[in-house]
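K.L.:
Here you go, this is my_file-v4.cif (mmCIF, C-alpha atoms).
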```cif
data_my_file
#
loop_
_atom_site.label_atom_id
_atom_site.label_comp_id
_atom_site.auth_asym_id
_atom_site.auth_seq_id
_atom_site.Cartn_x
_atom_site.Cartn_y
_atom_site.Cartn_z
CA MET A 89 -4.89 -14.98 17.04
CA ALA A 90 -3.20 -18.14 15.78
CA LYS A 91 -4.18 -17.29 12.20
CA TYR A 92 -2.01 -14.16 12.21
CA HIS A 93 1.71 -14.81 12.37
CA ARG A 94 2.64 -11.51 10.71
CA ILE A 95 0.60 -8.33 10.27
CA ALA A 96 1.15 -4.81 8.95
CA VAL A 97 -0.43 -1.87 10.80
CA LYS A 98 -0.75 1.44 8.98
CA ILE A 99 -1.30 4.41 11.30
CA GLY A 100 -2.74 7.54 9.73
CA SER A 101 -1.78 11.12 10.53
CA ASN A 102 -5.24 11.85 11.90
CA VAL A 103 -4.85 9.03 14.43
CA ILE A 104 -1.63 10.11 16.14
CA THR A 105 -1.53 13.87 15.58
CA ARG A 106 -3.79 16.56 16.98
CA ALA A 107 -5.47 19.25 14.90
CA ASP A 108 -2.43 21.51 15.33
CA GLY A 109 -0.10 18.77 14.06
CA THR A 110 1.54 17.98 17.39
CA LEU A 111 1.96 14.30 18.21
CA ASP A 112 -0.81 12.77 20.32
CA VAL A 113 1.50 10.88 22.65
CA THR A 114 -1.38 9.37 24.61
CA ARG A 115 -2.81 7.74 21.46
CA MET A 116 0.65 6.68 20.25
CA SER A 117 1.33 5.10 23.63
CA ALA A 118 -1.96 3.17 23.53
CA ILE A 119 -1.22 1.76 20.07
CA VAL A 120 2.34 0.85 21.05
CA ASP A 121 0.99 -0.97 24.13
CA GLU A 122 -1.22 -3.09 21.86
CA VAL A 123 1.57 -3.81 19.39
CA ALA A 124 3.94 -4.69 22.23
CA SER A 125 1.36 -7.12 23.64
CA LEU A 126 1.00 -8.85 20.26
CA HIS A 127 4.77 -8.90 19.80
CA LYS A 128 5.24 -10.68 23.12
CA GLN A 129 2.62 -13.25 22.03
CA GLY A 130 4.65 -14.08 18.94
CA VAL A 131 2.89 -11.95 16.32
CA GLU A 132 5.32 -10.14 14.03
CA VAL A 133 4.20 -6.55 13.46
CA ILE A 134 5.32 -4.08 10.79
CA ILE A 135 4.24 -0.48 11.43
CA ILE A 136 3.71 2.01 8.60
CA SER A 137 3.34 5.36 10.31
CA SER A 138 2.33 8.73 8.91
CA GLY A 139 2.60 11.92 10.93
CA ALA A 140 6.09 13.21 10.16
CA VAL A 141 5.08 16.16 7.98
CA ALA A 142 2.30 17.28 10.33
CA SER A 143 4.63 16.98 13.30
CA GLY A 144 7.40 18.92 11.59
CA ARG A 145 4.97 21.64 10.54
CA SER A 146 3.89 22.10 14.17
CA GLU A 147 7.52 22.28 15.30
CA LEU A 148 8.29 25.01 12.76
CA LYS A 149 5.04 26.91 13.18
CA HIS A 150 6.99 30.15 13.38
CA LEU A 151 7.71 29.79 9.66
CA VAL A 152 5.27 31.18 7.16
CA GLU A 153 4.50 28.05 5.12
CA HIS A 154 3.37 29.92 2.02
CA SER A 155 6.86 31.41 1.74
CA LEU A 156 8.04 27.96 0.60
CA ASP A 157 6.96 26.00 -2.44
CA PRO A 158 5.07 22.75 -1.66
CA LEU A 159 8.04 20.47 -2.35
CA SER A 160 10.42 22.49 -0.18
CA SER A 161 7.95 22.65 2.70
CA ARG A 162 7.37 18.87 2.60
CA GLN A 163 11.10 18.21 2.60
CA LEU A 164 11.72 20.58 5.49
CA PHE A 165 8.79 19.51 7.64
CA SER A 166 9.37 15.80 7.07
CA ALA A 167 13.08 16.08 7.95
CA VAL A 168 12.25 17.66 11.30
CA GLY A 169 9.06 15.70 11.96
CA GLN A 170 10.50 12.27 11.16
CA ALA A 171 13.15 12.73 13.85
CA LYS A 172 10.43 13.57 16.39
CA LEU A 173 8.22 10.69 15.26
CA ILE A 174 10.80 7.89 15.36
CA ASN A 175 12.27 9.15 18.64
CA ARG A 176 8.84 8.96 20.27
CA TYR A 177 8.27 5.43 18.98
CA TYR A 178 11.75 4.45 20.19
CA GLU A 179 11.03 5.70 23.71
CA LEU A 180 7.59 4.06 23.87
CA PHE A 181 8.81 0.66 22.68
CA ARG A 182 11.88 0.87 24.94
CA ASP A 183 9.52 1.03 27.92
CA HIS A 184 8.36 -2.46 26.88
CA GLY A 185 11.89 -3.75 26.36
CA ILE A 186 11.36 -3.92 22.60
CA ALA A 187 13.65 -2.51 19.92
CA CYS A 188 12.26 -0.72 16.89
CA GLY A 189 14.02 0.43 13.75
CA GLN A 190 13.38 3.15 11.17
CA VAL A 191 12.90 2.25 7.51
CA LEU A 192 12.55 5.17 5.11
CA THR A 193 11.73 4.35 1.51
CA THR A 194 10.63 5.83 -1.81
CA LYS A 195 8.68 4.52 -4.78
CA GLU A 196 11.93 4.29 -6.74
CA ASN A 197 13.18 1.67 -4.27
CA PHE A 198 10.50 -0.70 -5.55
CA ALA A 199 11.11 -0.08 -9.26
CA THR A 200 13.59 -2.92 -9.74
CA ARG A 201 13.37 -6.48 -8.47
CA ALA A 202 16.85 -6.18 -6.88
CA HIS A 203 15.93 -3.11 -4.82
CA TYR A 204 12.60 -4.68 -3.90
CA LEU A 205 14.29 -7.83 -2.59
CA ASN A 206 16.94 -5.80 -0.76
CA GLN A 207 14.28 -3.94 1.21
CA LYS A 208 12.49 -7.17 1.94
CA HIS A 209 15.70 -8.75 3.23
CA CYS A 210 16.36 -5.79 5.52
CA MET A 211 12.94 -6.04 7.12
CA GLU A 212 13.11 -9.84 7.37
CA VAL A 213 16.37 -9.49 9.31
CA MET A 214 14.73 -6.99 11.65
CA LEU A 215 11.74 -9.26 12.30
CA ASP A 216 13.94 -12.34 12.74
CA ASN A 217 15.80 -10.50 15.48
CA GLY A 218 12.75 -9.19 17.31
CA VAL A 219 12.99 -5.62 15.99
CA ILE A 220 9.78 -3.86 14.94
CA PRO A 221 10.17 -2.02 11.61
CA ILE A 222 8.60 1.44 11.51
CA VAL A 223 8.26 2.47 7.89
CA ASN A 224 7.48 5.82 6.29
CA GLU A 225 8.00 7.37 2.89
CA ASN A 226 11.19 9.42 2.72
CA ASP A 227 9.59 12.76 1.88
CA THR A 228 12.95 14.51 2.15
CA VAL A 229 14.03 13.07 -1.21
CA SER A 230 10.74 12.13 -2.91
CA VAL A 231 9.54 14.40 -5.69
CA THR A 232 5.90 14.78 -6.63
CA GLU A 233 5.75 12.51 -9.66
CA LEU A 234 7.58 9.71 -7.82
CA MET A 235 5.70 9.89 -4.53
CA PHE A 236 3.29 7.27 -3.29
CA THR A 237 -0.33 8.39 -3.39
CA ASP A 238 -0.06 8.19 0.40
CA ASN A 239 1.00 5.71 3.06
CA ASP A 240 -2.07 3.58 2.31
CA GLU A 241 -0.48 2.73 -1.03
CA LEU A 242 2.87 2.10 0.66
CA SER A 243 1.28 -0.12 3.31
CA GLY A 244 -0.40 -2.25 0.66
CA LEU A 245 2.89 -2.74 -1.15
CA LEU A 246 4.70 -3.63 2.08
CA ALA A 247 2.00 -6.05 3.24
CA SER A 248 2.28 -7.79 -0.11
CA MET A 249 6.08 -7.77 -0.11
CA MET A 250 6.40 -9.13 3.42
CA GLY A 251 3.74 -11.81 3.03
CA THR A 252 1.56 -10.67 5.92
CA GLN A 253 -1.70 -12.42 6.70
CA ALA A 254 -3.41 -9.08 7.38
CA LEU A 255 -3.08 -5.35 6.78
CA ILE A 256 -4.78 -3.15 9.38
CA ILE A 257 -5.36 0.43 8.24
CA LEU A 258 -6.09 2.71 11.19
CA SER A 259 -8.02 5.86 10.32
CA ASN A 260 -10.20 8.25 12.32
CA ILE A 261 -13.51 6.63 11.31
CA ASP A 262 -14.89 3.16 11.93
CA GLY A 263 -14.45 1.81 8.40
CA VAL A 264 -16.05 2.05 4.96
CA TYR A 265 -19.56 3.51 5.12
CA ASP A 266 -22.33 2.80 2.63
CA GLY A 267 -22.93 6.54 2.38
CA ASN A 268 -21.63 9.82 3.76
CA PRO A 269 -20.27 9.05 7.28
CA SER A 270 -21.91 12.24 8.56
CA ASP A 271 -25.33 10.99 7.44
CA PRO A 272 -27.13 9.36 10.41
CA GLY A 273 -28.52 6.70 8.06
CA SER A 274 -25.10 5.55 6.86
CA LYS A 275 -23.67 2.33 8.26
CA VAL A 276 -20.27 0.70 8.31
CA MET A 277 -19.88 -2.05 5.72
CA LEU A 278 -18.64 -4.85 7.96
CA ASP A 279 -17.62 -7.41 5.33
CA ILE A 280 -16.51 -7.06 1.71
CA LEU A 281 -15.66 -10.21 -0.25
CA ALA A 282 -12.64 -10.23 -2.55
CA GLU A 283 -14.77 -11.45 -5.46
CA GLU A 284 -17.35 -8.64 -5.15
CA HIS A 285 -15.32 -5.75 -6.65
CA ILE A 286 -18.05 -3.27 -5.77
CA ASP A 287 -18.11 0.07 -7.56
CA SER A 288 -17.45 2.42 -4.64
CA SER A 289 -18.14 5.68 -6.49
CA SER A 290 -21.74 5.79 -5.28
CA PHE A 291 -20.91 5.76 -1.56
CA ILE A 292 -17.31 6.91 -1.06
CA GLN A 293 -16.80 10.64 -0.84
CA LYS A 294 -13.96 12.20 -2.81
CA GLY A 295 -11.42 14.22 -0.90
CA LYS A 296 -8.38 13.94 1.31
CA SER A 297 -7.86 13.85 5.04
CA SER A 298 -7.08 17.09 6.80
CA LEU A 299 -3.51 16.10 7.69
CA GLY A 300 -2.54 13.33 5.26
CA ARG A 301 -2.51 13.03 1.46
CA GLY A 302 -5.04 10.25 1.06
CA GLY A 303 -8.73 9.59 1.55
CA MET A 304 -11.18 6.71 1.76
CA GLY A 305 -11.19 6.28 -2.01
CA THR A 306 -7.50 5.36 -1.96
CA LYS A 307 -7.98 3.10 1.05
CA TYR A 308 -10.79 1.24 -0.70
CA ARG A 309 -8.85 0.75 -3.93
CA ILE A 310 -5.71 -0.45 -2.15
CA SER A 311 -7.74 -2.72 0.13
CA GLN A 312 -9.43 -4.40 -2.84
CA LYS A 313 -6.10 -4.99 -4.57
CA VAL A 314 -4.36 -6.40 -1.49
CA ALA A 315 -7.33 -8.63 -0.63
CA ASP A 316 -7.28 -9.91 -4.21
CA GLU A 317 -3.69 -11.02 -3.54
CA GLY A 318 -4.83 -13.17 -0.60
CA ILE A 319 -4.26 -10.78 2.31
CA ALA A 320 -7.06 -9.72 4.68
CA VAL A 321 -7.42 -5.94 4.95
CA ILE A 322 -9.15 -4.21 7.83
CA ILE A 323 -10.07 -0.51 7.95
CA ALA A 324 -10.78 0.56 11.52
CA ASN A 325 -10.88 3.53 13.89
CA GLY A 326 -7.45 3.97 15.44
CA LYS A 327 -8.91 6.27 18.08
CA ARG A 328 -10.68 3.30 19.71
CA ASP A 329 -8.90 1.67 22.64
CA HIS A 330 -7.66 -1.91 22.08
CA ILE A 331 -8.79 -1.87 18.44
CA VAL A 332 -5.73 -3.69 17.08
CA GLU A 333 -5.97 -6.47 19.66
CA GLN A 334 -9.71 -6.81 19.00
CA ILE A 335 -9.13 -7.14 15.27
CA VAL A 336 -6.41 -9.76 15.68
CA ALA A 337 -8.62 -11.69 18.12
CA GLY A 338 -11.53 -11.59 15.66
CA ASP A 339 -13.71 -9.58 18.04
CA ARG A 340 -16.58 -8.07 16.00
CA SER A 341 -18.27 -6.34 18.94
CA VAL A 342 -16.93 -3.03 17.57
CA PRO A 343 -17.50 -1.89 13.98
CA TYR A 344 -14.75 -2.14 11.38
CA THR A 345 -14.60 -3.14 7.72
CA VAL A 346 -12.98 -6.42 6.70
CA PHE A 347 -11.95 -7.03 3.09
CA HIS A 348 -11.84 -10.81 3.00
CA PRO A 349 -8.89 -12.29 1.11
CA SER A 350 -9.14 -14.12 -2.18
CA SER A 351 -8.32 -17.81 -2.16
CA ARG A 352 -6.26 -17.43 -5.33
CA ALA A 353 -2.53 -17.97 -4.81
CA THR A 354 -0.30 -15.13 -6.02
CA SER A 355 3.46 -15.56 -6.45
CA SER A 356 5.92 -13.14 -4.89
CA VAL A 357 6.95 -11.87 -8.33
CA LYS A 358 3.35 -11.17 -9.29
CA LYS A 359 2.81 -9.34 -5.99
CA TRP A 360 5.71 -7.05 -6.85
CA ILE A 361 4.30 -6.46 -10.33
CA ALA A 362 0.82 -5.83 -8.89
CA HIS A 363 2.01 -2.64 -7.22
CA SER A 364 4.10 -1.32 -10.12
CA GLU A 365 1.61 1.27 -11.38
CA GLY A 366 3.78 4.21 -10.35
CA PHE A 367 7.02 2.92 -11.83
CA ALA A 368 5.99 1.03 -14.98
CA LYS A 369 8.27 2.02 -17.87
CA GLY A 370 5.79 1.77 -20.74
CA ARG A 371 2.35 0.73 -21.97
CA ILE A 372 1.27 -2.03 -24.34
CA THR A 373 -2.21 -1.93 -25.85
CA VAL A 374 -3.86 -5.24 -26.73
CA ASN A 375 -6.68 -6.09 -29.11
CA ARG A 376 -10.13 -7.26 -28.02
CA GLN A 377 -9.42 -10.96 -28.45
CA ALA A 378 -6.21 -10.80 -26.42
CA PHE A 379 -7.97 -8.79 -23.72
CA GLU A 380 -10.77 -11.34 -23.36
CA VAL A 381 -8.33 -14.24 -23.17
CA LEU A 382 -6.05 -12.53 -20.65
CA ILE A 383 -8.89 -11.78 -18.21
CA SER A 384 -10.23 -15.32 -18.41
CA ASP A 385 -9.34 -17.96 -15.82
CA LYS A 386 -6.85 -19.58 -18.19
CA ALA A 387 -3.09 -19.36 -17.66
CA ILE A 388 -2.28 -17.32 -20.78
CA SER A 389 0.87 -15.41 -21.76
CA LEU A 390 0.81 -12.24 -23.89
CA LEU A 391 1.89 -13.02 -27.45
CA PRO A 392 2.96 -10.49 -30.13
CA VAL A 393 -0.15 -11.24 -32.23
CA GLY A 394 -2.32 -9.72 -29.50
CA ILE A 395 -0.72 -6.27 -29.28
CA THR A 396 -1.68 -3.19 -31.29
CA ALA A 397 0.51 -0.42 -29.85
CA VAL A 398 3.63 0.14 -27.75
CA GLU A 399 4.27 3.37 -25.80
CA GLY A 400 7.36 4.48 -23.90
CA GLU A 401 10.97 3.37 -23.86
CA PHE A 402 11.92 0.27 -21.87
CA GLU A 403 14.46 -2.52 -21.69
CA LYS A 404 14.14 -6.28 -21.24
CA ASP A 405 12.81 -7.20 -17.74
CA ASP A 406 11.28 -3.74 -17.13
CA ILE A 407 7.70 -3.55 -15.89
CA VAL A 408 5.07 -2.32 -18.37
CA GLN A 409 1.33 -1.72 -18.12
CA ILE A 410 -1.08 -3.60 -20.35
CA VAL A 411 -3.96 -1.55 -21.70
CA SER A 412 -7.33 -2.75 -23.01
CA PRO A 413 -8.77 -1.58 -26.35
CA ASP A 414 -10.87 0.85 -24.28
CA GLY A 415 -7.78 2.44 -22.74
CA VAL A 416 -8.00 0.84 -19.28
CA ALA A 417 -4.70 -0.27 -17.69
CA PHE A 418 -5.94 -3.64 -16.43
CA ALA A 419 -2.67 -5.57 -16.05
CA ALA A 420 1.10 -5.29 -15.74
CA GLY A 421 4.01 -7.57 -16.43
CA ARG A 422 7.74 -8.00 -16.84
CA ILE A 423 8.54 -7.60 -20.53
CA ALA A 424 10.85 -10.07 -22.29
CA CYS A 425 12.31 -7.59 -24.78
CA SER A 426 13.08 -3.91 -25.37
CA SER A 427 10.53 -1.35 -26.58
CA ASP A 428 12.14 -1.25 -30.04
CA ARG A 429 11.85 -5.01 -30.37
CA ALA A 430 8.25 -4.96 -29.06
CA ARG A 431 7.26 -2.41 -31.70
CA ALA A 432 8.81 -4.56 -34.41
CA LEU A 433 6.76 -7.54 -33.22
CA ILE A 434 3.33 -5.82 -33.15
CA GLY A 435 0.77 -8.24 -34.55
CA ALA A 436 3.33 -10.89 -35.48
CA GLN A 437 2.17 -14.50 -35.63
CA GLY A 438 3.99 -17.10 -33.53
CA GLY A 439 7.13 -16.30 -31.61
CA ARG A 440 7.85 -16.32 -27.89
CA PRO A 441 5.62 -14.49 -25.39
CA LEU A 442 6.30 -10.81 -24.81
CA ILE A 443 5.15 -11.34 -21.22
CA HIS A 444 5.08 -14.85 -19.79
CA TYR A 445 2.13 -15.81 -17.59
CA ASP A 446 4.48 -16.26 -14.60
CA TYR A 447 5.32 -12.54 -14.82
CA LEU A 448 1.85 -11.26 -15.68
CA TYR A 449 -0.55 -9.75 -13.12
CA ILE A 450 -4.21 -9.07 -13.92
CA ASP A 451 -5.69 -6.33 -11.72
CA ARG A 452 -9.27 -7.56 -11.38
CA THR A 453 -10.27 -4.43 -9.49
CA ARG A 454 -9.94 -2.59 -12.84
CA LEU A 455 -12.27 -4.88 -14.76
#
```
Just give me the structure as structure tokens.
P.N.:
Amino acid sequence: MAKYHRIAVKIGSNVITRADGTLDVTRMSAIVDEVASLHKQGVEVIIISSGAVASGRSELKHLVEHSLDPLSSRQLFSAVGQAKLINRYYELFRDHGIACGQVLTTKENFATRAHYLNQKHCMEVMLDNGVIPIVNENDTVSVTELMFTDNDELSGLLASMMGTQALIILSNIDGVYDGNPSDPGSKVMLDILAEEHIDSSSFIQKGKSSLGRGGMGTKYRISQKVADEGIAVIIANGKRDHIVEQIVAGDRSVPYTVFHPSSRATSSVKKWIAHSEGFAKGRITVNRQAFEVLISDKAISLLPVGITAVEGEFEKDDIVQIVSPDGVAFAAGRIACSSDRARALIGAQGGRPLIHYDYLYIDRTRL
């Protein structure tokens, strides 16, 4: 337990809601008991909890959902369900003499470094004062193109932002299986090394959970990325009693998947850039030589001579994606000039870097 000073725990909709969308208070209470126990032992815990939309839908079951468009229904159900969800957490933590606080966020709140640091400061203040942050996406104001894929994506970004030693993703299955979980011959993959970057397409089924927006494919991708940043990621069955405490204690008597963290150090700025896929302002395509150098182990900045195309409109210090000659977005970085200036510099010899190495993140899960 000494190795974990701060952890993030993501709780999926299928863990704390029943099939009809109502909150499973018994399961919520069990998880809160575990978190409260860790809290009292000095472990700082950040909770990322789904369940608001499902809970709101169950509360308004008298409405005919198909009478609303998808965006309107999400906004309505989340507004009602989030109140139910945070109130239940408040009551459960109050029984332990622990305060919790609600943090609602959107992808736009991470788009600039200033907003990113402001959110981080808010949550640091909460943790410093013994308050447990309970985070969820603010579905009442999010629109489709600016929404997180799901709370798995949000939890990865928060774990990175807050410098946790571990991210625990609680689902309704025991972890990542090497085949279809319903197949009796499939087994849980207990350990995945950060350097492995296994192609998961052969054993992870496509599809989404019955209540949430995500699936195992998203969990696997996010877990690889976060582990590559030096944070352990655990995917486990949140329906199991004492599962969080067992994970923190290193108890492997129950099955769960551990993505072991990379030993490479990643700066806080690069961690922010690493999760910028949804709010990057443009795309820069590089030639083959630049691509090969950038993915090497050398500390290399992106120079104008290495770029072949610039897409989108952006300003100095915006985040842009870097695209390989094959069209794969394999990196991102903070650009040192505007899009007009970048276009004028395509292929130019010499000059200052368009993206300095200190502000350049290579996503090795894409290679």
K.L.:
Which is closest to Ser160 of chain A among A:Val219, A:Val229, A:Ile331, A:Ala142, if we use all atoms listed in the file?
P.N.:
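Checking each of A:Val219, A:Val229, A:Ile331, A:Ala142 against Ser160 of chain A, counting all atoms listed in the file, the winner is A:Val229.
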K.L.:
How far is it from atom CA of Gln163 of chain A to atom CA of Asp238 of chain A, in Å with one decimal?
P.N.:
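Calculated distance between atom CA of Gln163 of chain A and atom CA of Asp238 of chain A is 15.2 Å.
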K.L.:
Name the residues that the PyMOL selection byres ((chain A and resi 176) around 12) pulls out of this structure, and write them as a ChimeraX atom specification.
P.N.:
/A:104,110-117,120,137,139-140,143,169-175,177-183,188-190,222
K.L.:
What would the list of residues within 10 Å of (1.8, -0.8, -9.5) (file frame) look like as a ChimeraX atom specification, if only C-alpha atoms are what count?
P.N.:
/A:195,198-199,241,245,359-368,407-409,419-421,449,451
K.L.:
Looking at all atoms listed in the file, which of A:Glu284, A:Asp240, A:Glu196, A:Asp428 is the one that sits closest to Asn226 of chain A?
P.N.:
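Closest residue, counting all atoms listed in the file: A:Glu196.
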K.L.:
Taking all atoms listed in the file into account, name the residue in A:Gln334, A:Asn197, A:Thr453, A:Thr354 that is nearest to Ile383 of chain A.
P.N.:
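Nearest to Ile383 of chain A: A:Thr453.
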K.L.:
For the provided coordinates, the residues matched by the PyMOL selection byres ((chain A and resi 228) around 10) should be stated as a list of chain:residue names.
P.N.:
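Listing what the PyMOL selection byres ((chain A and resi 228) around 10) selects in the shown file: A:Val141, A:Leu159, A:Ser160, A:Ser161, A:Arg162, A:Gln163, A:Leu164, A:Phe165, A:Ser166, A:Ala167, A:Val168, A:Gln170, A:Leu192, A:Thr194, A:Glu225, A:Asn226, A:Asp227, A:Val229, A:Ser230, A:Val231.
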K.L.:
Rounded to one decimal place, report the atom CA of Lys358 of chain A-atom CA of Arg431 of chain A distance in Å.
P.N.:
24.4 Å
K.L.:
Residues around (-5.2, -4.0, 6.9), cut-off 7 Å, counting all atoms listed in the file - what are they as a short mmCIF file (atom, residue, chain, number, x, y, z; two decimals) with C-alpha atoms, in the coordinates of the input?
P.N.:
```cif
data_model
loop_
_atom_site.label_atom_id
_atom_site.label_comp_id
_atom_site.auth_asym_id
_atom_site.auth_seq_id
_atom_site.Cartn_x
_atom_site.Cartn_y
_atom_site.Cartn_z
CA ALA A 96 1.15 -4.81 8.95
CA VAL A 97 -0.43 -1.87 10.80
CA ALA A 254 -3.41 -9.08 7.38
CA LEU A 255 -3.08 -5.35 6.78
CA ILE A 256 -4.78 -3.15 9.38
CA ILE A 257 -5.36 0.43 8.24
CA ALA A 320 -7.06 -9.72 4.68
CA VAL A 321 -7.42 -5.94 4.95
CA ILE A 322 -9.15 -4.21 7.83
CA ILE A 323 -10.07 -0.51 7.95
#
```
K.L.:
Out of A:Val332, A:Ile372, A:Ala324, A:Val393, which residue has the shortest atom-to-atom distance to Ala124 of chain A when counting all atoms listed in the file?
P.N.:
A:Val332
K.L.:
I need the residue nearest Ile99 of chain A from this list: A:Leu156, A:Ile410, A:Ile310, A:Val123. Use all atoms listed in the file for the distance.
P.N.:
A:Val123
K.L.:
Using the chain letters and numbering of this document, enumerate as a list in words the residues selected by the PyMOL selection byres ((chain A and resi 278) around 7).
P.N.:
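Selected by the PyMOL selection byres ((chain A and resi 278) around 7) in this file: Val276, Met277, Asp279, Ile280, Pro343, Tyr344, Thr345 and Val346 of chain A.
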